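*Asks:* mmCIF, C-alpha atoms (C1' of nucleotides), saved as start22.cif, coming up:
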data_coords
loop_
_atom_site.label_atom_id
_atom_site.label_comp_id
_atom_site.auth_asym_id
_atom_site.auth_seq_id
_atom_site.Cartn_x
_atom_site.Cartn_y
_atom_site.Cartn_z
CA MET A 1 99.75 99.41 91.91
CA PRO A 2 98.57 97.98 88.64
CA GLU A 3 96.34 94.95 89.21
CA LEU A 4 93.92 93.23 86.82
CA PRO A 5 91.70 96.26 85.99
CA GLU A 6 94.67 98.57 85.47
CA VAL A 7 96.49 96.08 83.23
CA GLU A 8 93.23 95.43 81.35
CA THR A 9 92.89 99.19 80.77
CA ILE A 10 96.41 99.39 79.33
CA VAL A 11 95.90 96.34 77.10
CA ASN A 12 92.53 97.59 75.84
CA GLN A 13 94.12 100.88 74.80
CA LEU A 14 97.38 99.51 73.42
CA SER A 15 96.04 96.45 71.62
CA PRO A 16 94.54 98.21 68.56
CA LEU A 17 97.70 100.30 68.25
CA VAL A 18 100.25 97.46 68.16
CA LYS A 19 98.31 94.52 66.71
CA GLY A 20 99.60 93.72 63.24
CA LYS A 21 102.63 95.97 63.61
CA THR A 22 106.22 94.75 63.40
CA PHE A 23 108.71 94.95 66.25
CA GLU A 24 111.79 97.00 65.37
CA ASN A 25 113.82 97.23 68.56
CA ILE A 26 113.97 98.11 72.23
CA ASN A 27 116.21 100.90 73.41
CA VAL A 28 116.99 100.13 77.02
CA ILE A 29 117.98 102.83 79.48
CA HIS A 30 117.62 100.83 82.69
CA LYS A 31 119.44 97.54 81.97
CA SER A 32 117.93 95.23 84.59
CA ILE A 33 114.44 95.64 83.12
CA LEU A 34 115.19 92.85 80.61
CA ASN A 35 115.58 89.13 81.39
CA ILE A 36 118.19 88.68 78.64
CA PRO A 37 120.84 91.05 77.20
CA GLU A 38 119.50 93.87 75.05
CA GLU A 39 121.26 92.72 71.87
CA ASP A 40 119.86 89.18 72.28
CA PHE A 41 116.38 90.59 72.89
CA ASN A 42 116.55 92.65 69.72
CA GLU A 43 118.00 89.80 67.69
CA LYS A 44 115.12 87.51 68.71
CA CYS A 45 112.32 90.06 68.27
CA GLN A 46 113.40 92.25 65.37
CA GLY A 47 111.10 91.96 62.38
CA LYS A 48 108.55 89.84 64.24
CA LYS A 49 104.90 90.65 63.70
CA ILE A 50 102.65 91.25 66.73
CA LEU A 51 99.83 88.76 66.24
CA ASP A 52 97.98 89.73 69.39
CA LEU A 53 98.20 91.68 72.64
CA LYS A 54 96.58 90.09 75.66
CA ARG A 55 96.38 90.28 79.43
CA ARG A 56 97.16 87.17 81.47
CA GLY A 57 96.76 87.85 85.18
CA LYS A 58 98.77 91.03 85.68
CA PHE A 59 101.04 90.30 82.70
CA ILE A 60 100.86 92.09 79.35
CA VAL A 61 101.61 89.57 76.60
CA PHE A 62 102.79 90.45 73.08
CA ASN A 63 102.18 87.35 71.01
CA LEU A 64 104.85 87.32 68.29
CA LYS A 65 104.73 85.41 65.00
CA ASN A 66 107.39 82.66 64.82
CA ALA A 67 108.93 83.60 68.17
CA LEU A 68 108.28 83.47 71.90
CA ASP A 69 106.34 86.23 73.66
CA ILE A 70 107.30 89.65 74.93
CA VAL A 71 105.91 89.70 78.46
CA ILE A 72 105.64 92.94 80.44
CA HIS A 73 104.89 93.17 84.15
CA LEU A 74 104.36 96.67 85.54
CA ARG A 75 104.83 95.58 89.18
CA MET A 76 104.44 98.70 91.35
CA THR A 77 105.14 101.74 89.23
CA GLY A 78 105.68 100.59 85.66
CA MET A 79 103.97 102.81 83.08
CA ILE A 80 103.45 102.57 79.34
CA SER A 81 103.10 105.96 77.72
CA LEU A 82 102.58 107.12 74.15
CA LYS A 83 104.08 110.48 74.98
CA LYS A 84 107.50 111.36 76.32
CA SER A 85 106.01 113.46 79.04
CA LEU A 86 107.10 112.03 82.36
CA LYS A 87 110.30 112.58 84.30
CA GLU A 88 113.37 111.71 82.25
CA LYS A 89 115.06 109.91 85.15
CA HIS A 90 112.22 107.39 85.27
CA LEU A 91 112.43 106.46 81.58
CA SER A 92 113.46 102.79 81.47
CA ALA A 93 113.06 101.87 77.81
CA ILE A 94 111.69 102.88 74.41
CA ILE A 95 109.98 100.24 72.29
CA ASN A 96 110.04 100.95 68.56
CA PHE A 97 107.97 99.44 65.79
CA LYS A 98 108.70 99.41 62.03
CA GLU A 99 105.57 101.41 61.23
CA ASN A 100 106.86 104.68 62.74
CA PHE A 101 105.19 103.89 66.07
CA LYS A 102 106.79 103.75 69.51
CA PHE A 103 105.91 103.75 73.17
CA TYR A 104 107.83 104.77 76.25
CA PHE A 105 108.29 102.65 79.33
CA TYR A 106 108.59 104.53 82.62
CA ASP A 107 109.23 103.05 86.03
CA ILE A 108 109.86 104.98 89.24
CA ARG A 109 110.89 102.04 91.45
CA LYS A 110 112.45 99.90 88.74
CA PHE A 111 110.60 96.75 89.78
CA ALA A 112 108.98 96.27 86.38
CA LYS A 113 110.16 93.65 83.90
CA ILE A 114 110.13 93.23 80.13
CA GLU A 115 110.88 89.60 79.30
CA TYR A 116 111.38 87.49 76.21
CA LEU A 117 109.93 84.06 77.00
CA SER A 118 106.84 81.91 76.55
CA ILE A 119 103.98 83.04 78.77
CA ASN A 120 102.98 79.37 79.03
CA ASP A 121 106.19 78.64 80.95
CA LYS A 122 105.01 80.82 83.82
CA SER A 123 102.96 79.23 86.56
CA ILE A 124 99.80 81.33 86.45
CA GLY A 125 96.53 80.30 88.06
CA ARG A 126 92.88 80.74 87.15
CA GLU A 127 91.91 84.16 85.81
CA ALA A 128 90.17 86.16 88.55
CA LEU A 129 87.35 86.96 86.11
CA SER A 130 86.94 83.42 84.80
CA GLU A 131 83.64 81.67 85.42
CA ASP A 132 85.22 78.72 87.20
CA LEU A 133 87.00 80.75 89.88
CA LEU A 134 84.25 79.83 92.33
CA SER A 135 84.72 76.10 91.81
CA THR A 136 88.48 76.56 92.23
CA LEU A 137 87.90 78.16 95.64
CA LEU A 138 85.31 75.54 96.64
CA ASN A 139 87.53 72.61 95.68
CA LEU A 140 90.74 73.98 97.18
CA ASP A 141 91.01 72.45 100.64
CA SER A 142 93.52 74.72 102.37
CA ASN A 143 93.85 76.10 105.88
CA LYS A 144 95.82 79.10 104.63
CA ALA A 145 94.44 82.59 105.22
CA ILE A 146 91.90 83.53 102.57
CA LYS A 147 93.82 86.69 101.72
CA ALA A 148 97.02 84.70 101.13
CA ILE A 149 95.03 82.47 98.75
CA LEU A 150 93.59 85.44 96.87
CA LEU A 151 97.05 86.98 96.48
CA ASP A 152 98.69 83.76 95.28
CA GLN A 153 99.06 84.24 91.51
CA THR A 154 99.64 80.52 90.97
CA ILE A 155 96.08 79.92 92.24
CA ILE A 156 94.20 83.06 91.16
CA ALA A 157 95.69 85.47 88.63
CA GLY A 158 95.08 89.21 88.69
CA LEU A 159 94.23 90.21 92.24
CA GLY A 160 96.57 92.42 94.26
CA ASN A 161 96.43 94.04 97.64
CA ILE A 162 93.79 96.65 96.80
CA TYR A 163 91.10 94.41 95.30
CA CYS A 164 91.71 91.68 97.90
CA ASP A 165 91.05 94.07 100.79
CA GLU A 166 88.01 95.55 99.05
CA ALA A 167 86.50 92.16 98.16
CA LEU A 168 86.99 90.75 101.67
CA PHE A 169 85.39 93.85 103.19
CA GLN A 170 82.44 93.66 100.83
CA ALA A 171 81.97 89.96 101.61
CA LYS A 172 82.41 90.63 105.36
CA ILE A 173 85.25 88.15 105.68
CA HIS A 174 88.29 88.66 107.93
CA PRO A 175 91.51 88.43 105.86
CA LEU A 176 93.04 85.85 108.22
CA THR A 177 90.12 83.42 108.00
CA PRO A 178 91.38 80.01 106.80
CA LEU A 179 89.89 79.13 103.41
CA ASN A 180 88.49 75.81 104.66
CA LYS A 181 86.57 77.55 107.45
CA LEU A 182 84.50 79.51 104.94
CA SER A 183 81.05 78.22 104.02
CA LYS A 184 79.93 77.68 100.45
CA ASN A 185 77.66 80.67 100.77
CA GLU A 186 80.47 82.91 101.98
CA LEU A 187 82.64 81.88 99.03
CA ILE A 188 79.77 82.57 96.63
CA ILE A 189 79.46 86.07 98.08
CA LEU A 190 83.24 86.59 97.96
CA HIS A 191 83.39 85.44 94.35
CA ASP A 192 80.54 87.77 93.48
CA SER A 193 82.29 90.69 95.21
CA ILE A 194 85.55 90.05 93.34
CA LYS A 195 83.76 89.96 90.00
CA LYS A 196 81.72 93.12 90.63
CA LEU A 197 84.72 95.10 91.91
CA LEU A 198 86.95 94.14 88.99
CA LEU A 199 84.29 94.86 86.36
CA LYS A 200 83.43 98.21 87.91
CA SER A 201 87.08 99.20 88.08
CA ILE A 202 87.66 98.20 84.45
CA LYS A 203 84.70 100.41 83.54
CA LEU A 204 86.32 103.29 85.46
CA LYS A 205 89.72 102.61 83.81
CA GLY A 206 91.38 101.37 86.97
CA CYS A 207 92.45 102.74 90.29
CA THR A 208 94.96 105.54 90.73
CA ILE A 209 96.28 105.82 94.29
CA SER A 210 99.30 107.83 93.24
CA ASP A 211 101.23 106.63 90.20
CA PHE A 212 98.99 104.63 87.88
CA ARG A 213 98.31 106.24 84.49
CA ASP A 214 96.88 104.85 81.27
CA ILE A 215 98.83 105.10 78.00
CA TYR A 216 97.50 108.64 77.47
CA GLY A 217 98.67 109.78 80.93
CA GLU A 218 95.16 109.77 82.42
CA LYS A 219 94.37 108.62 85.95
CA GLY A 220 91.92 105.81 86.71
CA ASN A 221 88.67 106.74 88.48
CA PHE A 222 88.18 103.78 90.81
CA ALA A 223 90.06 105.21 93.83
CA LYS A 224 86.97 107.12 94.98
CA GLU A 225 85.13 103.79 95.22
CA LEU A 226 87.57 102.37 97.78
CA LYS A 227 85.91 101.52 101.09
CA ILE A 228 88.70 99.90 103.10
CA TYR A 229 92.09 99.82 101.34
CA GLY A 230 94.53 102.27 102.95
CA LYS A 231 91.85 103.55 105.31
CA ASN A 232 93.28 102.22 108.58
CA GLY A 233 92.61 104.55 111.49
CA LYS A 234 89.55 105.97 109.74
CA GLU A 235 85.91 105.12 110.42
CA CYS A 236 84.21 102.21 108.69
CA PHE A 237 81.54 103.72 106.43
CA ILE A 238 79.08 101.01 107.45
CA CYS A 239 79.44 100.79 111.24
CA SER A 240 81.71 103.76 112.11
CA ASN A 241 84.07 101.43 113.93
CA LYS A 242 87.79 102.18 113.65
CA ILE A 243 89.45 100.41 110.71
CA GLU A 244 92.50 98.36 111.70
CA LYS A 245 95.62 97.20 109.90
CA ILE A 246 97.46 93.89 110.14
CA LYS A 247 100.04 92.03 108.07
CA VAL A 248 98.81 89.07 106.04
CA ALA A 249 101.15 87.19 103.70
CA GLY A 250 103.63 90.04 104.10
CA ARG A 251 101.19 92.75 102.98
CA SER A 252 99.40 95.38 104.97
CA SER A 253 95.73 94.57 105.22
CA SER A 254 93.05 97.01 106.29
CA PHE A 255 89.80 95.62 107.67
CA CYS A 256 86.89 96.53 109.93
CA PRO A 257 87.02 94.33 113.07
CA LYS A 258 83.27 94.69 113.54
CA CYS A 259 82.09 94.02 109.99
CA GLN A 260 84.71 91.36 109.26
CA ASN A 261 84.62 88.79 112.05
CA GLN A 262 87.42 86.29 112.31
CA LYS A 263 86.51 82.61 112.52
"C1'" DC B 1 107.24 69.72 97.89
"C1'" DA B 2 105.61 73.47 100.65
"C1'" DT B 3 106.27 77.53 103.17
"C1'" DG B 4 108.13 81.87 104.31
"C1'" DC B 5 111.19 85.48 104.17
"C1'" DG B 6 114.67 88.65 101.87
"C1'" DT B 7 115.41 91.27 97.71
"C1'" DC B 8 114.80 94.63 94.25
"C1'" DC B 9 113.86 100.33 94.40
"C1'" DT B 10 112.33 105.20 95.03
"C1'" DG B 11 109.23 108.60 96.89
"C1'" DC B 12 106.77 110.14 100.43
"C1'" DA B 13 105.48 111.01 105.16
"C1'" DA B 14 106.09 110.82 109.93
"C1'" DG B 15 108.99 111.68 113.79
"C1'" DC B 16 112.55 113.90 116.30
"C1'" DT C 1 113.57 123.33 109.31
"C1'" DG C 2 116.25 119.36 108.02
"C1'" DC C 3 117.61 115.09 108.87
"C1'" DT C 4 116.71 110.01 109.50
"C1'" DT C 5 113.76 106.19 109.40
"C1'" DG C 6 110.26 103.32 107.85
"C1'" DC C 7 106.76 102.01 104.84
"C1'" DA C 8 104.59 100.90 100.33
"C1'" DG C 9 104.60 96.12 97.53
"C1'" DG C 10 104.67 91.67 93.08
"C1'" DA C 11 107.16 88.13 91.84
"C1'" DC C 12 110.96 85.43 92.36
"C1'" DG C 13 115.14 83.22 94.55
"C1'" DC C 14 116.72 80.83 98.09
"C1'" DA C 15 116.83 78.63 102.66
"C1'" DT C 16 114.60 75.64 105.83
#
For this file, produce the structure as structure tokens.
*Replies:*
Amino acid sequence: MPELPEVETIVNQLSPLVKGKTFENINVIHKSILNIPEEDFNEKCQGKKILDLKRRGKFIVFNLKNALDIVIHLRMTGMISLKKSLKEKHLSAIINFKENFKFYFYDIRKFAKIEYLSINDKSIGREALSEDLLSTLLNLDSNKAIKAILLDQTIIAGLGNIYCDEALFQAKIHPLTPLNKLSKNELIILHDSIKKLLLKSIKLKGCTISDFRDIYGEKGNFAKELKIYGKNGKECFICSNKIEKIKVAGRSSSFCPKCQNQK
DNA sequence: CATGCGTCCTGCAAGC
DNA sequence: TGCTTGCAGGACGCAT
């Protein structure tokens, strides 16, 4: 599923291609992808210049001149592609620009959204790669499970199930540990793990478990770096203990019961 | 206000 | 082999 590094990869590739171009229209195949009717969307965006393309958490933000933003969330299986090469039945929309440029929006599970609104109206927390993430964690006095905190986009923006499991494993923290039971040192190590994992994955153009592709249809190379996510039932590569799976905040969470002690 | 669960959706894999 | 069932999950809406 696209999380911060995957969205960053898409934005890095797409940004130089759309910046400065002018929005022409969106041709919607799967209606519920938009937050407003198609004709309203086109009326509001047609002729607007793309000032900038940015990532905010897991959102892709088209900053329009004299208008609100076009905000895309890929959710589970949303894909932006320059080529019309994927399965026709998964094509959700085509976004056209005045300068004879277009991209295709594919989505297998139809969870993804393309919205016309102001990104500032969304409640989005601290960027997972921002320098003050550590102080946010240190100052947040909560007895909620650390994994639930990491997944909460209104607190920390950009982490999903994969990078949460990996970071907690690397920091040797059990996903159910309440945040306020973690020492300062443990949070420093966790913060460091998050940062290193995200930067490494960005370098490798994201993580492809099954569906993720960049705008050229290429897979990300981070999946081979995974140590714990989706590896329940297998042996921990550090201690050879059997990796277990539990539900935390509604998501499956893989962890090593020996390396990650619960407090 | 905070918390927690149901909902959206399809593909894949396991089980019988 | 072919069917059914369940699981995967991000953000949001709604109920408590």
*Asks:* Evaluate the PyMOL selection byres ((chain A) within 8 of (chain C)) on the structure here and hand back the selected residues as a list in words.
*Replies:*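 Output from the PyMOL selection byres ((chain A) within 8 of (chain C)), applied to this file: Arg75, Met76 and Arg251 of chain A.
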*Asks:* Which chain B residues are at most 8 Å from chain A (counting all atoms listed in the file), as a VMD selection string?
*Replies:* chain B and resid 8 to 10
*Asks:* Record the distance separating CA of Lys122 in chain A and C1' of DG4 in chain B, expressed in Å with one decimal.
*Replies:* 20.8 Å
*Asks:* May I ask for the distance between C1' of DC5 in chain B and CA of Ile156 in chain A, given in Å to one decimal place?
*Replies:*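 Between these atoms lies a distance of 21.5 Å.
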*Asks:* Run the PyMOL selection byres ((chain A and resi 102) around 12) against the file shown and list the residues it catches, as a count of residues only.
*Replies:* 28
*Asks:* Can you tell me, as AutoDock Vina command-line options, the centre and edge lengths (Å, one decimal) of the axis-aligned box enclosing all of range 178-181 of chain A's listed atoms after padding each side by 3 Å?
*Replies:*
--center_x 89.0 --center_y 77.9 --center_z 105.4 --size_x 10.8 --size_y 10.2 --size_z 10.0
*Asks:* Just to confirm, what's the straight-line distance from CA of Thr136 in chain A to CA of Leu187 in chain A in Å (one decimal)?
*Replies:*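 Those two atoms sit 10.4 Å apart.
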*Asks:* Taking the file as shown, find all residues satisfying the PyMOL selection byres ((chain A and resi 213) around 12) and write them as a ChimeraX atom specification.
*Replies:* /A:1-2,6-7,9-10,13,74,76-83,85-86,105-107,205-212,214-221
*Asks:* Which neighbours of Ser32 in chain A fall inside 9 Å, counting all atoms listed in the file, when residues of the same chain fewer than 4 positions from it are skipped, and could you give them as a VMD selection string?
*Replies:* chain A and resid 36 to 37 110 113
*Asks:* In terms of the shortest atom-to-atom distance over all atoms listed in the file, which of A:Leu134, A:Ile29, A:Leu64, A:Ile246 is closest to Ser92 in chain A?
*Replies:* A:Ile29
